[in-house]
>>> print(open('data-v6.cif').read())   # mmCIF, C-alpha atoms and all ligand atoms
data_coords
#
loop_
_atom_site.label_atom_id
_atom_site.label_comp_id
_atom_site.auth_asym_id
_atom_site.auth_seq_id
_atom_site.Cartn_x
_atom_site.Cartn_y
_atom_site.Cartn_z
CA MET A 1223 10.08 1.34 -39.61
CA SER A 1224 9.57 3.01 -36.21
CA VAL A 1225 8.65 0.86 -33.21
CA ALA A 1226 6.26 2.19 -30.54
CA GLY A 1227 7.18 1.77 -26.86
CA ALA A 1228 4.00 -0.23 -26.13
CA GLU A 1229 4.83 -2.67 -28.96
CA MET A 1230 8.41 -2.97 -27.71
CA ARG A 1231 7.09 -3.78 -24.20
CA ARG A 1232 4.59 -6.35 -25.58
CA VAL A 1233 7.17 -8.19 -27.68
CA ALA A 1234 10.12 -7.95 -25.24
CA GLY A 1235 7.75 -9.31 -22.56
CA ALA A 1236 7.65 -12.62 -24.46
CA PHE A 1237 11.19 -13.18 -23.16
CA ALA A 1238 10.85 -14.88 -19.76
CA THR A 1239 13.25 -13.66 -17.08
CA GLY A 1240 14.05 -14.15 -13.44
CA VAL A 1241 13.33 -11.31 -11.01
CA THR A 1242 15.99 -9.53 -8.98
CA VAL A 1243 16.09 -6.72 -6.45
CA VAL A 1244 19.17 -4.56 -6.99
CA THR A 1245 20.23 -2.79 -3.79
CA ALA A 1246 22.94 -0.32 -2.88
CA ALA A 1247 23.98 1.40 0.32
CA HIS A 1248 25.94 4.62 0.41
CA GLY A 1249 26.35 5.77 3.99
CA VAL A 1250 23.27 4.92 6.03
CA VAL A 1251 20.63 5.31 3.30
CA PRO A 1252 19.88 2.08 1.40
CA CYS A 1253 18.06 2.00 -1.95
CA GLY A 1254 16.64 -0.85 -3.99
CA LEU A 1255 14.47 -1.56 -7.00
CA THR A 1256 13.03 -4.57 -8.80
CA VAL A 1257 15.07 -5.35 -11.92
CA ASN A 1258 14.69 -7.97 -14.64
CA SER A 1259 17.40 -6.57 -16.94
CA PHE A 1260 20.09 -8.49 -15.02
CA ALA A 1261 22.42 -10.60 -17.19
CA SER A 1262 25.63 -12.53 -16.67
CA VAL A 1263 28.22 -11.05 -19.08
CA SER A 1264 31.56 -12.81 -18.53
CA LEU A 1265 32.95 -15.61 -16.35
CA GLU A 1266 36.65 -14.62 -16.34
CA PRO A 1267 36.61 -11.83 -15.33
CA PRO A 1268 33.25 -12.30 -13.57
CA LEU A 1269 31.02 -9.52 -14.94
CA VAL A 1270 27.26 -8.89 -14.87
CA LEU A 1271 25.08 -6.03 -16.07
CA VAL A 1272 21.91 -4.29 -14.96
CA CYS A 1273 20.01 -1.54 -16.81
CA ILE A 1274 18.70 1.16 -14.45
CA SER A 1275 16.27 3.93 -15.36
CA ARG A 1276 17.80 7.37 -14.90
CA ARG A 1277 14.46 8.45 -13.33
CA ALA A 1278 14.61 5.83 -10.54
CA ARG A 1279 15.73 7.02 -7.10
CA ALA A 1280 18.06 4.01 -6.98
CA HIS A 1281 19.94 5.36 -10.02
CA SER A 1282 21.73 8.01 -7.98
CA GLY A 1283 22.08 5.58 -5.05
CA ILE A 1284 24.01 3.07 -7.18
CA GLU A 1285 26.18 5.83 -8.66
CA ALA A 1286 27.00 7.19 -5.20
CA ALA A 1287 27.77 3.72 -3.83
CA GLY A 1288 29.90 2.73 -6.85
CA GLY A 1289 28.45 -0.77 -6.63
CA PHE A 1290 25.35 -2.82 -5.97
CA ALA A 1291 24.07 -6.20 -4.84
CA VAL A 1292 21.83 -8.37 -7.00
CA ASN A 1293 19.25 -10.33 -4.96
CA VAL A 1294 17.77 -13.12 -7.12
CA LEU A 1295 14.22 -13.60 -5.87
CA ALA A 1296 12.78 -17.01 -5.04
CA GLU A 1297 9.31 -18.55 -5.21
CA GLY A 1298 7.11 -16.86 -2.60
CA GLN A 1299 8.82 -13.46 -2.95
CA GLU A 1300 6.31 -11.85 -5.30
CA GLY A 1301 5.40 -9.42 -2.49
CA VAL A 1302 9.06 -8.38 -2.25
CA ALA A 1303 9.17 -7.82 -6.03
CA ARG A 1304 6.01 -5.67 -5.85
CA LEU A 1305 7.39 -3.68 -2.89
CA PHE A 1306 10.66 -2.87 -4.66
CA ALA A 1307 8.80 -1.94 -7.88
CA SER A 1308 6.64 0.54 -5.92
CA LEU A 1309 7.12 4.19 -5.04
CA ALA A 1310 7.31 3.34 -1.30
CA GLU A 1311 9.54 5.82 0.52
CA ASP A 1312 11.08 3.18 2.82
CA LYS A 1313 11.32 -0.30 1.29
CA PHE A 1314 13.54 -1.82 4.01
CA THR A 1315 11.88 -1.27 7.40
CA GLY A 1316 10.37 -4.56 8.61
CA LEU A 1317 12.10 -6.55 5.86
CA ASP A 1318 14.66 -9.16 6.97
CA HIS A 1319 18.04 -8.18 5.47
CA ARG A 1320 21.75 -8.07 6.29
CA PRO A 1321 24.78 -6.31 4.76
CA SER A 1322 26.75 -7.99 1.98
CA PRO A 1323 30.56 -8.10 2.27
CA ALA A 1324 30.60 -4.77 0.36
CA GLY A 1325 27.86 -3.36 2.62
CA HIS A 1326 24.85 -3.53 0.25
CA PRO A 1327 21.53 -4.94 1.56
CA LEU A 1328 21.06 -8.70 1.07
CA LEU A 1329 17.41 -9.77 1.43
CA ALA A 1330 16.54 -12.96 3.33
CA GLY A 1331 14.99 -15.92 1.49
CA THR A 1332 16.43 -15.29 -2.00
CA CYS A 1333 17.82 -18.00 -4.30
CA ALA A 1334 21.13 -16.22 -4.94
CA TRP A 1335 23.02 -12.97 -4.45
CA LEU A 1336 26.00 -11.25 -6.06
CA ASP A 1337 28.04 -8.29 -4.76
CA CYS A 1338 29.22 -6.07 -7.61
CA GLU A 1339 31.59 -3.15 -8.07
CA VAL A 1340 30.68 -0.86 -11.00
CA VAL A 1341 33.49 -1.00 -13.58
CA ALA A 1342 31.69 0.68 -16.52
CA SER A 1343 28.48 2.65 -17.06
CA HIS A 1344 26.96 3.29 -20.49
CA ALA A 1345 24.06 5.66 -21.25
CA ALA A 1346 21.41 3.84 -23.32
CA GLY A 1347 18.14 5.64 -24.05
CA THR A 1348 16.30 6.29 -20.78
CA HIS A 1349 18.56 3.88 -18.87
CA THR A 1350 22.16 3.43 -17.72
CA ILE A 1351 23.79 0.04 -18.31
CA HIS A 1352 26.00 -0.66 -15.29
CA VAL A 1353 28.62 -3.36 -15.76
CA GLY A 1354 29.58 -4.83 -12.38
CA ARG A 1355 32.61 -6.92 -11.43
CA VAL A 1356 31.41 -9.64 -9.06
CA THR A 1357 33.34 -9.55 -5.78
CA ALA A 1358 31.30 -12.07 -3.72
CA LEU A 1359 28.34 -14.34 -4.38
CA ASP A 1360 26.33 -17.30 -3.12
CA THR A 1361 23.30 -19.38 -4.03
CA THR A 1362 20.75 -21.69 -2.41
CA ALA A 1363 18.51 -24.52 -3.66
CA ARG A 1364 15.35 -22.36 -3.56
CA PRO A 1365 13.43 -22.28 -6.90
CA PRO A 1366 13.22 -18.89 -8.64
CA LEU A 1367 10.46 -16.36 -9.15
CA LEU A 1368 9.92 -15.66 -12.88
CA PHE A 1369 8.42 -12.81 -14.94
CA HIS A 1370 6.73 -13.34 -18.31
CA ARG A 1371 4.33 -11.20 -20.37
CA GLY A 1372 3.89 -8.74 -17.50
CA ARG A 1373 3.07 -11.38 -14.87
CA TYR A 1374 4.92 -13.14 -12.07
CA THR A 1375 5.04 -16.89 -12.59
CA LEU A 1376 6.87 -20.01 -11.38
CA LEU A 1377 8.85 -22.84 -12.93
CA ALA A 1378 6.66 -25.80 -13.89
CA GLU A 1379 7.73 -29.09 -12.28
C1 LIG A 1401 9.35 -7.29 -13.07
C2 LIG A 1401 9.92 -5.88 -13.07
C3 LIG A 1401 11.17 -5.65 -13.62
C4 LIG A 1401 11.73 -4.37 -13.62
N1 LIG A 1401 12.96 -4.18 -14.16
C5 LIG A 1401 13.54 -2.95 -14.16
C6 LIG A 1401 14.84 -2.76 -14.70
O1 LIG A 1401 15.47 -3.70 -15.21
N2 LIG A 1401 15.38 -1.52 -14.63
C7 LIG A 1401 14.70 -0.43 -14.08
O2 LIG A 1401 15.22 0.68 -14.05
N3 LIG A 1401 13.43 -0.58 -13.57
C8 LIG A 1401 12.85 -1.81 -13.59
N4 LIG A 1401 11.60 -1.99 -13.06
C9 LIG A 1401 10.90 -0.81 -12.50
C10 LIG A 1401 11.40 -0.44 -11.10
O3 LIG A 1401 11.40 -1.56 -10.23
C11 LIG A 1401 10.47 0.66 -10.50
O4 LIG A 1401 10.46 1.80 -11.33
C12 LIG A 1401 10.85 1.05 -9.08
O5 LIG A 1401 9.78 1.81 -8.49
C13 LIG A 1401 12.08 1.95 -8.99
O6 LIG A 1401 12.31 2.18 -7.62
P1 LIG A 1401 13.13 3.45 -7.11
O7 LIG A 1401 12.90 3.51 -5.64
O8 LIG A 1401 14.54 3.41 -7.58
O9 LIG A 1401 12.49 4.67 -7.90
P2 LIG A 1401 11.12 5.39 -7.60
O10 LIG A 1401 11.39 6.61 -6.80
O11 LIG A 1401 10.15 4.42 -7.08
O12 LIG A 1401 10.73 5.90 -9.05
C14 LIG A 1401 10.23 5.01 -10.06
C15 LIG A 1401 9.53 5.80 -11.15
O13 LIG A 1401 8.42 6.50 -10.59
C16 LIG A 1401 8.53 7.90 -10.86
N5 LIG A 1401 8.06 8.61 -9.63
C17 LIG A 1401 8.73 8.75 -8.47
N6 LIG A 1401 7.98 9.40 -7.54
C18 LIG A 1401 6.80 9.68 -8.15
C19 LIG A 1401 5.59 10.31 -7.75
N7 LIG A 1401 5.47 10.82 -6.52
N8 LIG A 1401 4.57 10.37 -8.65
C20 LIG A 1401 4.70 9.85 -9.88
N9 LIG A 1401 5.81 9.25 -10.33
C21 LIG A 1401 6.84 9.17 -9.49
C22 LIG A 1401 9.99 8.15 -11.12
O14 LIG A 1401 10.16 9.27 -11.96
C23 LIG A 1401 10.40 6.86 -11.81
O15 LIG A 1401 10.07 6.88 -13.18
C24 LIG A 1401 11.01 -3.26 -13.06
C25 LIG A 1401 9.74 -3.49 -12.51
C26 LIG A 1401 9.20 -4.79 -12.50
C27 LIG A 1401 7.84 -5.01 -11.90
#
>>> encode(input="data-v6.cif", output="structure tokens")
Amino acid sequence: MSVAGAEMRRVAGAFATGVTVVTAAHGVVPCGLTVNSFASVSLEPPLVLVCISRRARAHSGIEAAGGFAVNVLAEGQEGVARLFASLAEDKFTGLDHRPSPAGHPLLAGTCAWLDCEVVASHAAGTHTIHVGRVTALDTTARPPLLFHRGRYTLLAE
């Protein structure tokens, strides 16, 4: 049985996720995109993965940097998610951010962040699965932004 892309999107969208912005800085040019394919892989060693479209500008940015930061978005950051999912040329000007210990952009107001060094990259269909070793991280008490069935949503009380 073959599965159409639209059907795959409809059914996979039933799986609720958080929303992250994956950023990378190589030299002076930062890149970033909205990503919900983030997953925690292993605790010891600490590994995560993200799946990045080979067509995204950020794909080459992450490869060149050899690492990335995962910014876990919080309630109230839907505008940030929309910005980083857009084709905007410059997604960082006017946005409050600071460098992570590894030098990748950390956005203000998130609920968590992780600095990652790429330790493996696997081609998978239209995407590359980057496995990152976590080198620094932190979290706050802010509640998360969620994504479900193609819409941004929040945790119910
Ligand atoms: C909730 C959510 C989760 C997401 N999760 C993921 C994820 O896990 N992995 C992932 O790879 N993406 C994901 N995306 C999509 C991603 O955020 C966007 O594709 C984003 O625009 C990529 O940013 P970029 O700057 O890297 O690439 P961009 O340069 O913005 O390119 C993005 C896409 O647009 C095309 N494009 C670029 N310029 C033009 C143009 N001038 N005209 C027409 N098309 C153009 C590119 O070929 C590419 O396919 C997600 C989006 C949302 C909303």
>>> residues_near_ligand(input="data-v6.cif", ligand="ligand LIG 1401 (chain A)", cutoff="7 Å", atoms="only C-alpha atoms and all ligand atoms", output="PyMOL selection string")
chain A and resi 1241+1253-1260+1272-1275+1277-1281+1303-1304+1306-1310+1349+1369
>>> residues_around(input="data-v6.cif", residues="A:Ala1291", least_positions_apart="2", cutoff="10 Å", atoms="all atoms listed in the file", output="PyMOL selection string")
chain A and resi 1242-1247+1254+1284+1289+1293-1294+1321-1329+1335-1339+1354+1356-1359
>>> write_last_selection(input="data-v6.cif", atoms="C-alpha atoms", output="PDB file, keeping the file's coordinate frame")
ATOM      1  CA  THR A1242      15.990  -9.530  -8.980  1.00  0.00           C
ATOM      2  CA  VAL A1243      16.090  -6.720  -6.450  1.00  0.00           C
ATOM      3  CA  VAL A1244      19.170  -4.560  -6.990  1.00  0.00           C
ATOM      4  CA  THR A1245      20.230  -2.790  -3.790  1.00  0.00           C
ATOM      5  CA  ALA A1246      22.940  -0.320  -2.880  1.00  0.00           C
ATOM      6  CA  ALA A1247      23.980   1.400   0.320  1.00  0.00           C
ATOM      7  CA  GLY A1254      16.640  -0.850  -3.990  1.00  0.00           C
ATOM      8  CA  ILE A1284      24.010   3.070  -7.180  1.00  0.00           C
ATOM      9  CA  GLY A1289      28.450  -0.770  -6.630  1.00  0.00           C
ATOM     10  CA  ASN A1293      19.250 -10.330  -4.960  1.00  0.00           C
ATOM     11  CA  VAL A1294      17.770 -13.120  -7.120  1.00  0.00           C
ATOM     12  CA  PRO A1321      24.780  -6.310   4.760  1.00  0.00           C
ATOM     13  CA  SER A1322      26.750  -7.990   1.980  1.00  0.00           C
ATOM     14  CA  PRO A1323      30.560  -8.100   2.270  1.00  0.00           C
ATOM     15  CA  ALA A1324      30.600  -4.770   0.360  1.00  0.00           C
ATOM     16  CA  GLY A1325      27.860  -3.360   2.620  1.00  0.00           C
ATOM     17  CA  HIS A1326      24.850  -3.530   0.250  1.00  0.00           C
ATOM     18  CA  PRO A1327      21.530  -4.940   1.560  1.00  0.00           C
ATOM     19  CA  LEU A1328      21.060  -8.700   1.070  1.00  0.00           C
ATOM     20  CA  LEU A1329      17.410  -9.770   1.430  1.00  0.00           C
ATOM     21  CA  TRP A1335      23.020 -12.970  -4.450  1.00  0.00           C
ATOM     22  CA  LEU A1336      26.000 -11.250  -6.060  1.00  0.00           C
ATOM     23  CA  ASP A1337      28.040  -8.290  -4.760  1.00  0.00           C
ATOM     24  CA  CYS A1338      29.220  -6.070  -7.610  1.00  0.00           C
ATOM     25  CA  GLU A1339      31.590  -3.150  -8.070  1.00  0.00           C
ATOM     26  CA  GLY A1354      29.580  -4.830 -12.380  1.00  0.00           C
ATOM     27  CA  VAL A1356      31.410  -9.640  -9.060  1.00  0.00           C
ATOM     28  CA  THR A1357      33.340  -9.550  -5.780  1.00  0.00           C
ATOM     29  CA  ALA A1358      31.300 -12.070  -3.720  1.00  0.00           C
ATOM     30  CA  LEU A1359      28.340 -14.340  -4.380  1.00  0.00           C
TER      31      LEU A1359
END
>>> closest_residue(input="data-v6.cif", among="A:Met1230, A:Val1225, A:Leu1269, A:Leu1376", to="A:Leu1295", atoms="all atoms listed in the file")
A:Leu1376
>>> atom_distance(input="data-v6.cif", atom1="atom CA of A:Val1233", atom2="atom CA of A:Leu1367")
20.5 Å
>>> residues_around(input="data-v6.cif", residues="A:Gly1331", least_positions_apart="2", cutoff="12 Å", atoms="all atoms listed in the file", output="PyMOL selection string")
chain A and resi 1293-1300+1302+1317-1320+1328-1329+1333-1335+1361-1367
>>> closest_residue(input="data-v6.cif", among="A:Arg1231, A:His1248, A:Arg1373, A:Arg1276", to="A:Ala1345", atoms="all atoms listed in the file")
A:Arg1276
>>> atom_distance(input="data-v6.cif", atom1="atom CA of A:Ser1343", atom2="atom CA of A:Pro1267")
16.7 Å
>>> closest_residue(input="data-v6.cif", among="A:Phe1314, A:Gly1347, A:Ala1261, A:Ala1342", to="A:Thr1239", atoms="only C-alpha atoms")
A:Ala1261
>>> atom_distance(input="data-v6.cif", atom1="atom CA of A:Glu1229", atom2="atom CA of A:Leu1271")
24.2 Å
>>> residues_around(input="data-v6.cif", residues="A:Gly1235", least_positions_apart="6", cutoff="7 Å", atoms="only C-alpha atoms", output="mmCIF file with C-alpha atoms, keeping the file's coordinate frame")
data_model
loop_
_atom_site.group_PDB
_atom_site.id
_atom_site.type_symbol
_atom_site.label_atom_id
_atom_site.label_comp_id
_atom_site.auth_asym_id
_atom_site.auth_seq_id
_atom_site.Cartn_x
_atom_site.Cartn_y
_atom_site.Cartn_z
ATOM 1 C CA HIS A 1370 6.730 -13.340 -18.310
ATOM 2 C CA ARG A 1371 4.330 -11.200 -20.370
ATOM 3 C CA GLY A 1372 3.890 -8.740 -17.500
#
>>> closest_residue(input="data-v6.cif", among="A:Ser1264, A:Thr1315, A:Thr1350, A:Ser1224", to="A:Glu1285", atoms="all atoms listed in the file")
A:Thr1350
>>> axis_aligned_box(input="data-v6.cif", around="stretch 1321-1335 of chain A", padding_each_side="8 Å", output="lines of an AutoDock Vina configuration file")
center_x = 22.8
center_y = -10.7
center_z = -0.1
size_x = 31.6
size_y = 30.6
size_z = 25.7
